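Participant: Just so it is clear, I am handing over final.pdb, which has PDB, C-alpha atoms and all ligand atoms.
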```
ATOM      1  CA  MET A   1      90.995  91.426 101.526  1.00  0.00           C
ATOM      2  CA  SER A   2      92.620  88.961 103.903  1.00  0.00           C
ATOM      3  CA  LYS A   3      95.759  89.968 105.741  1.00  0.00           C
ATOM      4  CA  ALA A   4      99.087  89.139 104.165  1.00  0.00           C
ATOM      5  CA  SER A   5     100.865  86.362 106.009  1.00  0.00           C
ATOM      6  CA  LEU A   6     104.515  86.390 107.001  1.00  0.00           C
ATOM      7  CA  VAL A   7     106.954  83.784 108.235  1.00  0.00           C
ATOM      8  CA  VAL A   8     110.021  85.295 109.887  1.00  0.00           C
ATOM      9  CA  LEU A   9     113.397  83.550 110.088  1.00  0.00           C
ATOM     10  CA  ILE A  10     115.829  84.623 112.791  1.00  0.00           C
ATOM     11  CA  SER A  11     119.122  83.579 114.379  1.00  0.00           C
ATOM     12  CA  GLY A  12     119.698  86.161 117.082  1.00  0.00           C
ATOM     13  CA  GLY A  13     118.375  89.111 119.039  1.00  0.00           C
ATOM     14  CA  GLY A  14     115.331  89.661 116.860  1.00  0.00           C
ATOM     15  CA  SER A  15     115.158  93.430 117.166  1.00  0.00           C
ATOM     16  CA  ASN A  16     113.999  93.604 113.537  1.00  0.00           C
ATOM     17  CA  LEU A  17     111.378  90.969 114.327  1.00  0.00           C
ATOM     18  CA  GLN A  18     110.282  93.206 117.212  1.00  0.00           C
ATOM     19  CA  ALA A  19     109.997  96.182 114.862  1.00  0.00           C
ATOM     20  CA  ILE A  20     107.731  94.112 112.594  1.00  0.00           C
ATOM     21  CA  ILE A  21     105.624  92.920 115.553  1.00  0.00           C
ATOM     22  CA  ASP A  22     105.293  96.533 116.766  1.00  0.00           C
ATOM     23  CA  ALA A  23     104.383  97.832 113.297  1.00  0.00           C
ATOM     24  CA  ILE A  24     101.593  95.246 113.078  1.00  0.00           C
ATOM     25  CA  LYS A  25     100.368  96.147 116.553  1.00  0.00           C
ATOM     26  CA  ASN A  26     100.417  99.872 115.705  1.00  0.00           C
ATOM     27  CA  ARG A  27      98.548  99.149 112.459  1.00  0.00           C
ATOM     28  CA  GLN A  28     101.366 100.536 110.343  1.00  0.00           C
ATOM     29  CA  LEU A  29     101.624  97.109 108.776  1.00  0.00           C
ATOM     30  CA  ASP A  30      98.586  95.091 107.729  1.00  0.00           C
ATOM     31  CA  ALA A  31      99.959  91.593 108.080  1.00  0.00           C
ATOM     32  CA  GLU A  32     100.045  88.558 110.314  1.00  0.00           C
ATOM     33  CA  ILE A  33     103.111  86.628 111.422  1.00  0.00           C
ATOM     34  CA  LYS A  34     102.253  82.934 111.075  1.00  0.00           C
ATOM     35  CA  ALA A  35     105.455  81.689 112.683  1.00  0.00           C
ATOM     36  CA  VAL A  36     108.963  82.609 113.728  1.00  0.00           C
ATOM     37  CA  ILE A  37     111.618  80.029 112.916  1.00  0.00           C
ATOM     38  CA  SER A  38     115.108  80.022 114.366  1.00  0.00           C
ATOM     39  CA  ASN A  39     118.078  77.834 113.502  1.00  0.00           C
ATOM     40  CA  THR A  40     119.277  78.122 117.086  1.00  0.00           C
ATOM     41  CA  ALA A  41     117.523  77.596 120.408  1.00  0.00           C
ATOM     42  CA  SER A  42     119.431  80.460 122.029  1.00  0.00           C
ATOM     43  CA  ALA A  43     118.038  83.159 119.711  1.00  0.00           C
ATOM     44  CA  LYS A  44     116.587  85.845 121.988  1.00  0.00           C
ATOM     45  CA  GLY A  45     114.102  86.719 119.266  1.00  0.00           C
ATOM     46  CA  LEU A  46     112.204  83.535 120.141  1.00  0.00           C
ATOM     47  CA  GLN A  47     111.212  85.102 123.453  1.00  0.00           C
ATOM     48  CA  ARG A  48     109.987  88.214 121.656  1.00  0.00           C
ATOM     49  CA  ALA A  49     107.778  86.011 119.449  1.00  0.00           C
ATOM     50  CA  GLU A  50     106.422  84.038 122.398  1.00  0.00           C
ATOM     51  CA  LYS A  51     105.610  87.257 124.222  1.00  0.00           C
ATOM     52  CA  ALA A  52     103.573  88.333 121.203  1.00  0.00           C
ATOM     53  CA  ASN A  53     101.810  84.926 121.083  1.00  0.00           C
ATOM     54  CA  ILE A  54     103.390  83.939 117.798  1.00  0.00           C
ATOM     55  CA  ASN A  55     104.155  80.278 117.092  1.00  0.00           C
ATOM     56  CA  THR A  56     107.854  79.505 117.196  1.00  0.00           C
ATOM     57  CA  CYS A  57     109.935  76.675 115.906  1.00  0.00           C
ATOM     58  CA  ILE A  58     113.597  75.755 116.201  1.00  0.00           C
ATOM     59  CA  ILE A  59     115.310  73.830 113.432  1.00  0.00           C
ATOM     60  CA  ASP A  60     118.847  73.274 114.634  1.00  0.00           C
ATOM     61  CA  HIS A  61     121.027  73.367 111.522  1.00  0.00           C
ATOM     62  CA  THR A  62     123.774  71.338 113.260  1.00  0.00           C
ATOM     63  CA  ARG A  63     121.498  68.283 113.154  1.00  0.00           C
ATOM     64  CA  PHE A  64     121.654  68.150 109.353  1.00  0.00           C
ATOM     65  CA  ASP A  65     124.412  66.697 107.204  1.00  0.00           C
ATOM     66  CA  SER A  66     124.056  69.317 104.482  1.00  0.00           C
ATOM     67  CA  ARG A  67     122.669  72.768 103.801  1.00  0.00           C
ATOM     68  CA  GLU A  68     120.232  71.214 101.326  1.00  0.00           C
ATOM     69  CA  LEU A  69     118.774  68.829 103.923  1.00  0.00           C
ATOM     70  CA  PHE A  70     118.375  71.645 106.453  1.00  0.00           C
ATOM     71  CA  ASP A  71     116.680  73.843 103.864  1.00  0.00           C
ATOM     72  CA  ARG A  72     114.383  70.995 102.815  1.00  0.00           C
ATOM     73  CA  GLU A  73     113.247  70.620 106.420  1.00  0.00           C
ATOM     74  CA  MET A  74     112.536  74.336 106.596  1.00  0.00           C
ATOM     75  CA  ILE A  75     110.466  74.166 103.405  1.00  0.00           C
ATOM     76  CA  LYS A  76     108.448  71.296 104.917  1.00  0.00           C
ATOM     77  CA  LEU A  77     107.653  73.504 107.866  1.00  0.00           C
ATOM     78  CA  ILE A  78     107.062  76.754 105.982  1.00  0.00           C
ATOM     79  CA  ASP A  79     104.977  75.600 103.005  1.00  0.00           C
ATOM     80  CA  PRO A  80     101.859  74.541 104.936  1.00  0.00           C
ATOM     81  CA  LEU A  81     101.796  78.076 106.415  1.00  0.00           C
ATOM     82  CA  LYS A  82     101.457  79.504 102.883  1.00  0.00           C
ATOM     83  CA  PRO A  83     103.306  82.759 103.579  1.00  0.00           C
ATOM     84  CA  ASP A  84     102.867  85.673 101.190  1.00  0.00           C
ATOM     85  CA  LEU A  85     106.334  86.765 102.239  1.00  0.00           C
ATOM     86  CA  LEU A  86     109.237  85.015 103.911  1.00  0.00           C
ATOM     87  CA  VAL A  87     111.205  87.515 105.965  1.00  0.00           C
ATOM     88  CA  LEU A  88     114.872  86.998 106.851  1.00  0.00           C
ATOM     89  CA  ALA A  89     115.476  89.075 109.969  1.00  0.00           C
ATOM     90  CA  GLY A  90     119.043  88.478 111.072  1.00  0.00           C
ATOM     91  CA  PHE A  91     118.959  84.898 109.788  1.00  0.00           C
ATOM     92  CA  MET A  92     122.635  84.057 109.632  1.00  0.00           C
ATOM     93  CA  ARG A  93     122.608  80.962 107.419  1.00  0.00           C
ATOM     94  CA  ILE A  94     123.426  80.917 103.743  1.00  0.00           C
ATOM     95  CA  LEU A  95     120.440  79.495 101.858  1.00  0.00           C
ATOM     96  CA  SER A  96     120.669  76.869  99.127  1.00  0.00           C
ATOM     97  CA  LYS A  97     119.788  77.700  95.535  1.00  0.00           C
ATOM     98  CA  ALA A  98     116.848  75.304  95.748  1.00  0.00           C
ATOM     99  CA  PHE A  99     115.426  77.142  98.777  1.00  0.00           C
ATOM    100  CA  ILE A 100     115.813  80.534  97.147  1.00  0.00           C
ATOM    101  CA  ALA A 101     114.229  79.315  93.912  1.00  0.00           C
ATOM    102  CA  HIS A 102     111.339  77.798  95.878  1.00  0.00           C
ATOM    103  CA  TYR A 103     110.465  81.179  97.442  1.00  0.00           C
ATOM    104  CA  GLN A 104     111.432  83.339  94.488  1.00  0.00           C
ATOM    105  CA  HIS A 105     109.733  86.764  94.484  1.00  0.00           C
ATOM    106  CA  ARG A 106     108.546  86.365  98.077  1.00  0.00           C
ATOM    107  CA  LEU A 107     111.802  86.156 100.012  1.00  0.00           C
ATOM    108  CA  ILE A 108     113.165  89.353 101.537  1.00  0.00           C
ATOM    109  CA  ASN A 109     116.266  90.199 103.567  1.00  0.00           C
ATOM    110  CA  ILE A 110     117.773  93.088 105.474  1.00  0.00           C
ATOM    111  CA  HIS A 111     121.515  93.590 105.354  1.00  0.00           C
ATOM    112  CA  PRO A 112     123.538  96.111 107.381  1.00  0.00           C
ATOM    113  CA  SER A 113     125.302  97.955 104.548  1.00  0.00           C
ATOM    114  CA  LEU A 114     124.566 100.150 101.594  1.00  0.00           C
ATOM    115  CA  LEU A 115     124.593  97.312  99.057  1.00  0.00           C
ATOM    116  CA  PRO A 116     126.368  96.519  96.809  1.00  0.00           C
ATOM    117  CA  LYS A 117     129.015  97.609  99.316  1.00  0.00           C
ATOM    118  CA  TYR A 118     130.061  95.202 102.063  1.00  0.00           C
ATOM    119  CA  LYS A 119     128.274  91.950 101.447  1.00  0.00           C
ATOM    120  CA  GLY A 120     128.777  89.245 104.070  1.00  0.00           C
ATOM    121  CA  LEU A 121     129.883  89.825 107.654  1.00  0.00           C
ATOM    122  CA  ASN A 122     131.606  92.626 109.652  1.00  0.00           C
ATOM    123  CA  THR A 123     130.086  95.368 107.558  1.00  0.00           C
ATOM    124  CA  HIS A 124     130.389  98.077 110.223  1.00  0.00           C
ATOM    125  CA  GLN A 125     134.070  97.383 110.832  1.00  0.00           C
ATOM    126  CA  GLN A 126     134.740  97.536 107.125  1.00  0.00           C
ATOM    127  CA  ALA A 127     132.936 100.867 106.736  1.00  0.00           C
ATOM    128  CA  ILE A 128     135.011 102.335 109.593  1.00  0.00           C
ATOM    129  CA  ASP A 129     138.269 100.893 108.236  1.00  0.00           C
ATOM    130  CA  ASP A 130     137.532 102.359 104.804  1.00  0.00           C
ATOM    131  CA  ASN A 131     136.878 105.827 106.316  1.00  0.00           C
ATOM    132  CA  GLU A 132     133.395 105.875 104.850  1.00  0.00           C
ATOM    133  CA  THR A 133     131.416 109.010 105.654  1.00  0.00           C
ATOM    134  CA  LYS A 134     128.104 107.196 105.191  1.00  0.00           C
ATOM    135  CA  HIS A 135     126.878 103.699 105.896  1.00  0.00           C
ATOM    136  CA  GLY A 136     123.508 102.072 106.385  1.00  0.00           C
ATOM    137  CA  ALA A 137     121.236  99.160 105.641  1.00  0.00           C
ATOM    138  CA  SER A 138     119.464  97.696 102.632  1.00  0.00           C
ATOM    139  CA  VAL A 139     116.269  95.690 102.223  1.00  0.00           C
ATOM    140  CA  HIS A 140     116.296  93.479  99.155  1.00  0.00           C
ATOM    141  CA  TYR A 141     114.530  90.553  97.574  1.00  0.00           C
ATOM    142  CA  VAL A 142     116.808  87.555  97.740  1.00  0.00           C
ATOM    143  CA  SER A 143     118.476  86.104  94.681  1.00  0.00           C
ATOM    144  CA  GLU A 144     120.964  83.274  94.438  1.00  0.00           C
ATOM    145  CA  GLU A 145     124.124  85.242  95.223  1.00  0.00           C
ATOM    146  CA  LEU A 146     124.881  86.174  98.839  1.00  0.00           C
ATOM    147  CA  ASP A 147     123.356  89.531  99.872  1.00  0.00           C
ATOM    148  CA  SER A 148     122.221  90.189  96.326  1.00  0.00           C
ATOM    149  CA  GLY A 149     118.938  90.701  94.553  1.00  0.00           C
ATOM    150  CA  PRO A 150     117.091  93.914  93.770  1.00  0.00           C
ATOM    151  CA  VAL A 151     117.297  96.498  96.546  1.00  0.00           C
ATOM    152  CA  ILE A 152     113.962  97.987  97.583  1.00  0.00           C
ATOM    153  CA  ILE A 153     115.020 100.584 100.114  1.00  0.00           C
ATOM    154  CA  GLN A 154     118.192 101.789 101.787  1.00  0.00           C
ATOM    155  CA  ALA A 155     118.634 103.749 104.997  1.00  0.00           C
ATOM    156  CA  GLU A 156     121.649 106.002 105.172  1.00  0.00           C
ATOM    157  CA  VAL A 157     123.403 107.178 108.335  1.00  0.00           C
ATOM    158  CA  PRO A 158     126.577 109.219 108.834  1.00  0.00           C
ATOM    159  CA  VAL A 159     129.755 107.551 110.058  1.00  0.00           C
ATOM    160  CA  LEU A 160     131.241 109.702 112.816  1.00  0.00           C
ATOM    161  CA  LYS A 161     134.947 110.017 113.549  1.00  0.00           C
ATOM    162  CA  SER A 162     134.237 108.853 117.087  1.00  0.00           C
ATOM    163  CA  ASP A 163     132.309 105.730 115.965  1.00  0.00           C
ATOM    164  CA  THR A 164     133.118 102.251 117.214  1.00  0.00           C
ATOM    165  CA  VAL A 165     131.592  99.158 115.622  1.00  0.00           C
ATOM    166  CA  GLU A 166     129.023  99.159 118.426  1.00  0.00           C
ATOM    167  CA  THR A 167     127.913 102.787 118.079  1.00  0.00           C
ATOM    168  CA  LEU A 168     127.730 102.544 114.300  1.00  0.00           C
ATOM    169  CA  ALA A 169     125.867  99.210 114.405  1.00  0.00           C
ATOM    170  CA  GLU A 170     123.334 100.695 116.826  1.00  0.00           C
ATOM    171  CA  ARG A 171     122.767 103.763 114.619  1.00  0.00           C
ATOM    172  CA  VAL A 172     122.212 101.513 111.599  1.00  0.00           C
ATOM    173  CA  LEU A 173     119.945  99.131 113.537  1.00  0.00           C
ATOM    174  CA  GLN A 174     117.646 101.993 114.583  1.00  0.00           C
ATOM    175  CA  GLU A 175     117.089 102.767 110.895  1.00  0.00           C
ATOM    176  CA  GLU A 176     116.670  99.082 110.008  1.00  0.00           C
ATOM    177  CA  HIS A 177     113.692  99.051 112.347  1.00  0.00           C
ATOM    178  CA  LYS A 178     112.064 101.792 110.276  1.00  0.00           C
ATOM    179  CA  ILE A 179     112.756 100.602 106.740  1.00  0.00           C
ATOM    180  CA  TYR A 180     112.042  96.892 107.183  1.00  0.00           C
ATOM    181  CA  PRO A 181     108.367  97.225 108.179  1.00  0.00           C
ATOM    182  CA  LEU A 182     108.005  99.851 105.444  1.00  0.00           C
ATOM    183  CA  ALA A 183     109.357  97.556 102.711  1.00  0.00           C
ATOM    184  CA  ILE A 184     107.348  94.587 104.005  1.00  0.00           C
ATOM    185  CA  GLY A 185     104.230  96.781 103.965  1.00  0.00           C
ATOM    186  CA  LEU A 186     104.762  97.728 100.319  1.00  0.00           C
ATOM    187  CA  HIS A 187     104.944  94.039  99.413  1.00  0.00           C
ATOM    188  CA  CYS A 188     101.966  93.059 101.576  1.00  0.00           C
ATOM    189  CA  ASP A 189      99.840  95.867 100.132  1.00  0.00           C
ATOM    190  CA  LYS A 190     100.809  94.578  96.651  1.00  0.00           C
ATOM    191  CA  ARG A 191     102.210  98.001  95.784  1.00  0.00           C
ATOM    192  CA  LEU A 192     105.629  96.455  95.285  1.00  0.00           C
ATOM    193  CA  THR A 193     106.312  93.460  93.057  1.00  0.00           C
ATOM    194  CA  PHE A 194     109.396  91.654  91.869  1.00  0.00           C
ATOM    195  CA  LYS A 195     108.783  90.005  88.504  1.00  0.00           C
ATOM    196  CA  ASN A 196     110.923  89.325  85.448  1.00  0.00           C
ATOM    197  CA  ASN A 197     113.971  90.464  87.398  1.00  0.00           C
ATOM    198  CA  GLN A 198     112.410  93.878  87.839  1.00  0.00           C
ATOM    199  CA  LEU A 199     110.962  95.815  90.762  1.00  0.00           C
ATOM    200  CA  GLN A 200     107.731  97.695  90.253  1.00  0.00           C
ATOM    201  CA  LEU A 201     106.276 100.151  92.704  1.00  0.00           C
ATOM    202  CA  ASP A 202     102.730 101.350  92.050  1.00  0.00           C
ATOM    203  CA  ASN A 203     102.962  99.862  88.547  1.00  0.00           C
ATOM    204  CA  LYS A 204     106.095 101.820  87.688  1.00  0.00           C
ATOM    205  CA  ILE A 205     109.567 100.353  87.318  1.00  0.00           C
ATOM    206  CA  LEU A 206     111.656 101.155  90.388  1.00  0.00           C
ATOM    207  CA  LYS A 207     114.980 102.056  88.831  1.00  0.00           C
ATOM    208  CA  GLN A 208     116.746 103.005  92.050  1.00  0.00           C
ATOM    209  CA  PRO A 209     116.159 101.882  95.617  1.00  0.00           C
ATOM    210  CA  LEU A 210     114.009 104.148  97.772  1.00  0.00           C
ATOM    211  CA  LEU A 211     116.229 106.161 100.112  1.00  0.00           C
ATOM    212  CA  TRP A 212     115.497 106.756 103.800  1.00  0.00           C
ATOM    213  CA  LYS A 213     117.533 109.556 105.325  1.00  0.00           C
ATOM    214  CA  LYS A 214     117.106 111.794 108.352  1.00  0.00           C
ATOM    215  CA  ASN A 215     113.913 109.962 109.268  1.00  0.00           C
ATOM    216  CA  LYS A 216     112.097 110.312 105.965  1.00  0.00           C
ATOM    217  CA  LEU A 217     111.955 109.055 102.403  1.00  0.00           C
ATOM    218  CA  VAL A 218     113.929 111.404 100.157  1.00  0.00           C
TER     219      VAL A 218
HETATM  220  C1  LIG A 301     120.766  93.149 111.703  1.00  0.00           C
HETATM  221  O1  LIG A 301     121.700  94.186 111.760  1.00  0.00           O
HETATM  222  C2  LIG A 301     120.634  92.621 110.283  1.00  0.00           C
HETATM  223  O2  LIG A 301     120.760  93.614 109.318  1.00  0.00           O
HETATM  224  C3  LIG A 301     121.808  91.673 110.227  1.00  0.00           C
HETATM  225  O3  LIG A 301     121.812  91.030 111.473  1.00  0.00           O
HETATM  226  C4  LIG A 301     121.280  91.922 112.468  1.00  0.00           C
HETATM  227  C5  LIG A 301     120.166  91.195 113.194  1.00  0.00           C
HETATM  228  O4  LIG A 301     119.712  91.936 114.270  1.00  0.00           O
HETATM  229  N1  LIG A 301     121.672  90.745 109.138  1.00  0.00           N
HETATM  230  C6  LIG A 301     122.701  90.297 108.433  1.00  0.00           C
HETATM  231  O5  LIG A 301     123.859  90.596 108.665  1.00  0.00           O
HETATM  232  C7  LIG A 301     122.333  89.349 107.307  1.00  0.00           C
HETATM  233  N2  LIG A 301     123.366  89.296 106.313  1.00  0.00           N
HETATM  234  P1  LIG A 301     118.352  91.536 114.999  1.00  0.00           P
HETATM  235  O6  LIG A 301     118.439  90.040 115.303  1.00  0.00           O
HETATM  236  O7  LIG A 301     118.372  92.355 116.256  1.00  0.00           O
HETATM  237  O8  LIG A 301     117.199  91.856 114.088  1.00  0.00           O
END
```
If you took the structure in this file and wrote it as structure tokens, what would it be?
Ligand code: GAR
Facilitator:
Amino acid sequence: MSKASLVVLISGGGSNLQAIIDAIKNRQLDAEIKAVISNTASAKGLQRAEKANINTCIIDHTRFDSRELFDREMIKLIDPLKPDLLVLAGFMRILSKAFIAHYQHRLINIHPSLLPKYKGLNTHQQAIDDNETKHGASVHYVSEELDSGPVIIQAEVPVLKSDTVETLAERVLQEEHKIYPLAIGLHCDKRLTFKNNQLQLDNKILKQPLLWKKNKLV
């Protein structure tokens, strides 16, 4: 069987991209990254990709008059690469309905909250402000609504009284690096599918997201 192919979209530091690169290198993930695309030239993740000899491309969203035109340009670039999975790894642009529909069932995102809580930005601050005792991250297939779509796996971490946004974000990020390659692997190995608005894992309906806690699936 040929390796599953990925295209990864980033906007920033790319630590999740790095986790995926490392998982492939360590053979935890049987996949190949065809390209890394960033909407900004300053994304540090581009350097991580170059270091791993992965093709990179910058499509500066400010050059386009509309979201739709920007997304159309991305599709032009992505489609010839024929990815089995399009991976949003800290890609901070809202995608058009047309883009999402185009990659339906093979578009995946990681979001730093226990969805459906705290969609959008500033999730860590909100969790602290709300005196949450737990927080985390979710990997989900992307549907039309922002930070929505069926959740595959969540990682849960405690919120400590002493936490600042930075310490909490770092604790969550460490877990993101574990669950994202895991979820991508399930898709690439065809163990996980998203069809008819339903997730199936090993041919069984996945009624609840998988839960990653204290360094293991529970
Ligand atoms: C991660 O925390 C990711 O969950 C978040 O951006 C960060 C990117 O970090 N994504 C979102 O907020 C998307 N809604 P990274 O560039 O180091 O992987």
Participant: Find the residues near stretch 140-150 of chain A: any atom within 7 Å, counting all atoms listed in the file, skip ones fewer than 6 places away on the same chain, and give them as number ranges by chain.
Facilitator: A: 97, 100, 105, 107-110, 119-120
Participant: Any idea what's packed within 9 Å of stretch 67-81 of chain A, counting only C-alpha atoms, ignoring anything in its chain fewer than 4 positions away? Could you give it as an MDAnalysis selection string?
Facilitator: chainID A and resid 5:7 34:35 37 57 59:63 86 93:99 102
Participant: Let's have the selection written as a CSV table (one decimal), in the frame of the given file, with C-alpha atoms.
Facilitator:
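What landed in part26.csv:
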```
chain,number,residue,atom,x,y,z
A,5,SER,CA,100.9,86.4,106.0
A,6,LEU,CA,104.5,86.4,107.0
A,7,VAL,CA,107.0,83.8,108.2
A,34,LYS,CA,102.3,82.9,111.1
A,35,ALA,CA,105.5,81.7,112.7
A,37,ILE,CA,111.6,80.0,112.9
A,57,CYS,CA,109.9,76.7,115.9
A,59,ILE,CA,115.3,73.8,113.4
A,60,ASP,CA,118.8,73.3,114.6
A,61,HIS,CA,121.0,73.4,111.5
A,62,THR,CA,123.8,71.3,113.3
A,63,ARG,CA,121.5,68.3,113.2
A,86,LEU,CA,109.2,85.0,103.9
A,93,ARG,CA,122.6,81.0,107.4
A,94,ILE,CA,123.4,80.9,103.7
A,95,LEU,CA,120.4,79.5,101.9
A,96,SER,CA,120.7,76.9,99.1
A,97,LYS,CA,119.8,77.7,95.5
A,98,ALA,CA,116.8,75.3,95.7
A,99,PHE,CA,115.4,77.1,98.8
A,102,HIS,CA,111.3,77.8,95.9
```
Participant: Select from chain A every residue with an atom at most 6 Å from any atom of ligand LIG 301 (chain A), then for each give the shortest pair of atoms and their distance in Å to one decimal, using all atoms listed in the file, rows by chain and rising number, as JSON lines.
Facilitator:
```
{"residue": "A:Gly12", "atom": "CA", "partner": "A:LIG301", "partner_atom": "O6", "distance": 4.4}
{"residue": "A:Gly13", "atom": "CA", "partner": "A:LIG301", "partner_atom": "O6", "distance": 3.9}
{"residue": "A:Gly14", "atom": "CA", "partner": "A:LIG301", "partner_atom": "O6", "distance": 3.5}
{"residue": "A:Ser15", "atom": "CA", "partner": "A:LIG301", "partner_atom": "O7", "distance": 3.5}
{"residue": "A:Asn16", "atom": "CA", "partner": "A:LIG301", "partner_atom": "O8", "distance": 3.7}
{"residue": "A:Leu17", "atom": "CA", "partner": "A:LIG301", "partner_atom": "O8", "distance": 5.9}
{"residue": "A:Ala89", "atom": "CA", "partner": "A:LIG301", "partner_atom": "O8", "distance": 5.3}
{"residue": "A:Gly90", "atom": "CA", "partner": "A:LIG301", "partner_atom": "C5", "distance": 3.6}
{"residue": "A:Met92", "atom": "CA", "partner": "A:LIG301", "partner_atom": "C7", "distance": 5.8}
{"residue": "A:Ile110", "atom": "CA", "partner": "A:LIG301", "partner_atom": "O2", "distance": 4.9}
{"residue": "A:His111", "atom": "CA", "partner": "A:LIG301", "partner_atom": "O2", "distance": 4.0}
{"residue": "A:Pro112", "atom": "CA", "partner": "A:LIG301", "partner_atom": "O2", "distance": 4.2}
{"residue": "A:Gly120", "atom": "CA", "partner": "A:LIG301", "partner_atom": "N2", "distance": 5.9}
{"residue": "A:Leu173", "atom": "CA", "partner": "A:LIG301", "partner_atom": "O1", "distance": 5.5}
```
Participant: Which of these residues is nearest to A:Lys51, using only C-alpha atoms: A:Ser38, A:Asp22, A:Ala31, A:Asn203?
Facilitator: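 The answer is A:Asp22, which sits nearest to A:Lys51.
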Participant: Extract, using only C-alpha atoms, all DNA, RNA and protein residues at most 8 Å from A:Val165, discarding same-chain residues fewer than 3 positions from it, and format them as a count of residues only.
Facilitator: 5
Participant: Could you tell me, as a PyMOL selection string, which residues have any atom at most 9 Å from (118.4, 103.9, 110.6), counting only C-alpha atoms?
Facilitator: chain A and resi 136-137+155-157+170-179+212-215
Participant: I would like the residues chosen by the PyMOL selection byres (((chain A and resi 53) around 12) and not hetatm) on the shown file; could you give them as a short mmCIF file (atom, residue, chain, number, x, y, z; two decimals) with C-alpha atoms, in the coordinates of the input?
Facilitator:
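As a result, expr.cif now contains:
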```cif
data_model
loop_
_atom_site.label_atom_id
_atom_site.label_comp_id
_atom_site.auth_asym_id
_atom_site.auth_seq_id
_atom_site.Cartn_x
_atom_site.Cartn_y
_atom_site.Cartn_z
CA ILE A 21 105.62 92.92 115.55
CA GLU A 32 100.04 88.56 110.31
CA ILE A 33 103.11 86.63 111.42
CA LYS A 34 102.25 82.93 111.08
CA ALA A 35 105.46 81.69 112.68
CA VAL A 36 108.96 82.61 113.73
CA LEU A 46 112.20 83.54 120.14
CA GLN A 47 111.21 85.10 123.45
CA ARG A 48 109.99 88.21 121.66
CA ALA A 49 107.78 86.01 119.45
CA GLU A 50 106.42 84.04 122.40
CA LYS A 51 105.61 87.26 124.22
CA ALA A 52 103.57 88.33 121.20
CA ILE A 54 103.39 83.94 117.80
CA ASN A 55 104.16 80.28 117.09
CA THR A 56 107.85 79.50 117.20
#
```
Participant: Work out where the centre of an axis-aligned box around every listed atom of stretch 109-128 of chain A lies and how long its edges are once 8 Å is added on each side; give both in Å to one decimal as AutoDock Vina command-line options.
Facilitator:
```
--center_x 125.6 --center_y 95.8 --center_z 103.8 --size_x 34.7 --size_y 29.1 --size_z 30.0
```
Participant: Identify which of the residues A:Gln200, A:Thr167, A:Gln104, A:Thr40 lies closest to A:Ile152, counting all atoms listed in the file when measuring atom-to-atom distances.
Facilitator: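 Closest to A:Ile152 of all the choices is A:Gln200.
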Participant: Rank A:Lys3, A:Asn131, A:Gly45, A:Leu115 by their smallest atom-to-atom distance to A:Ala19, using all atoms listed in the file, and report the top residue only.
Facilitator: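 Closest candidate: A:Gly45.
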Participant: Pick out the closest residue to A:Glu166 from this set: A:Leu114, A:Asn122, A:Leu210, A:Tyr180. Count all atoms listed in the file.
Facilitator: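 Answer, going by the shortest atom-to-atom distance: A:Asn122.
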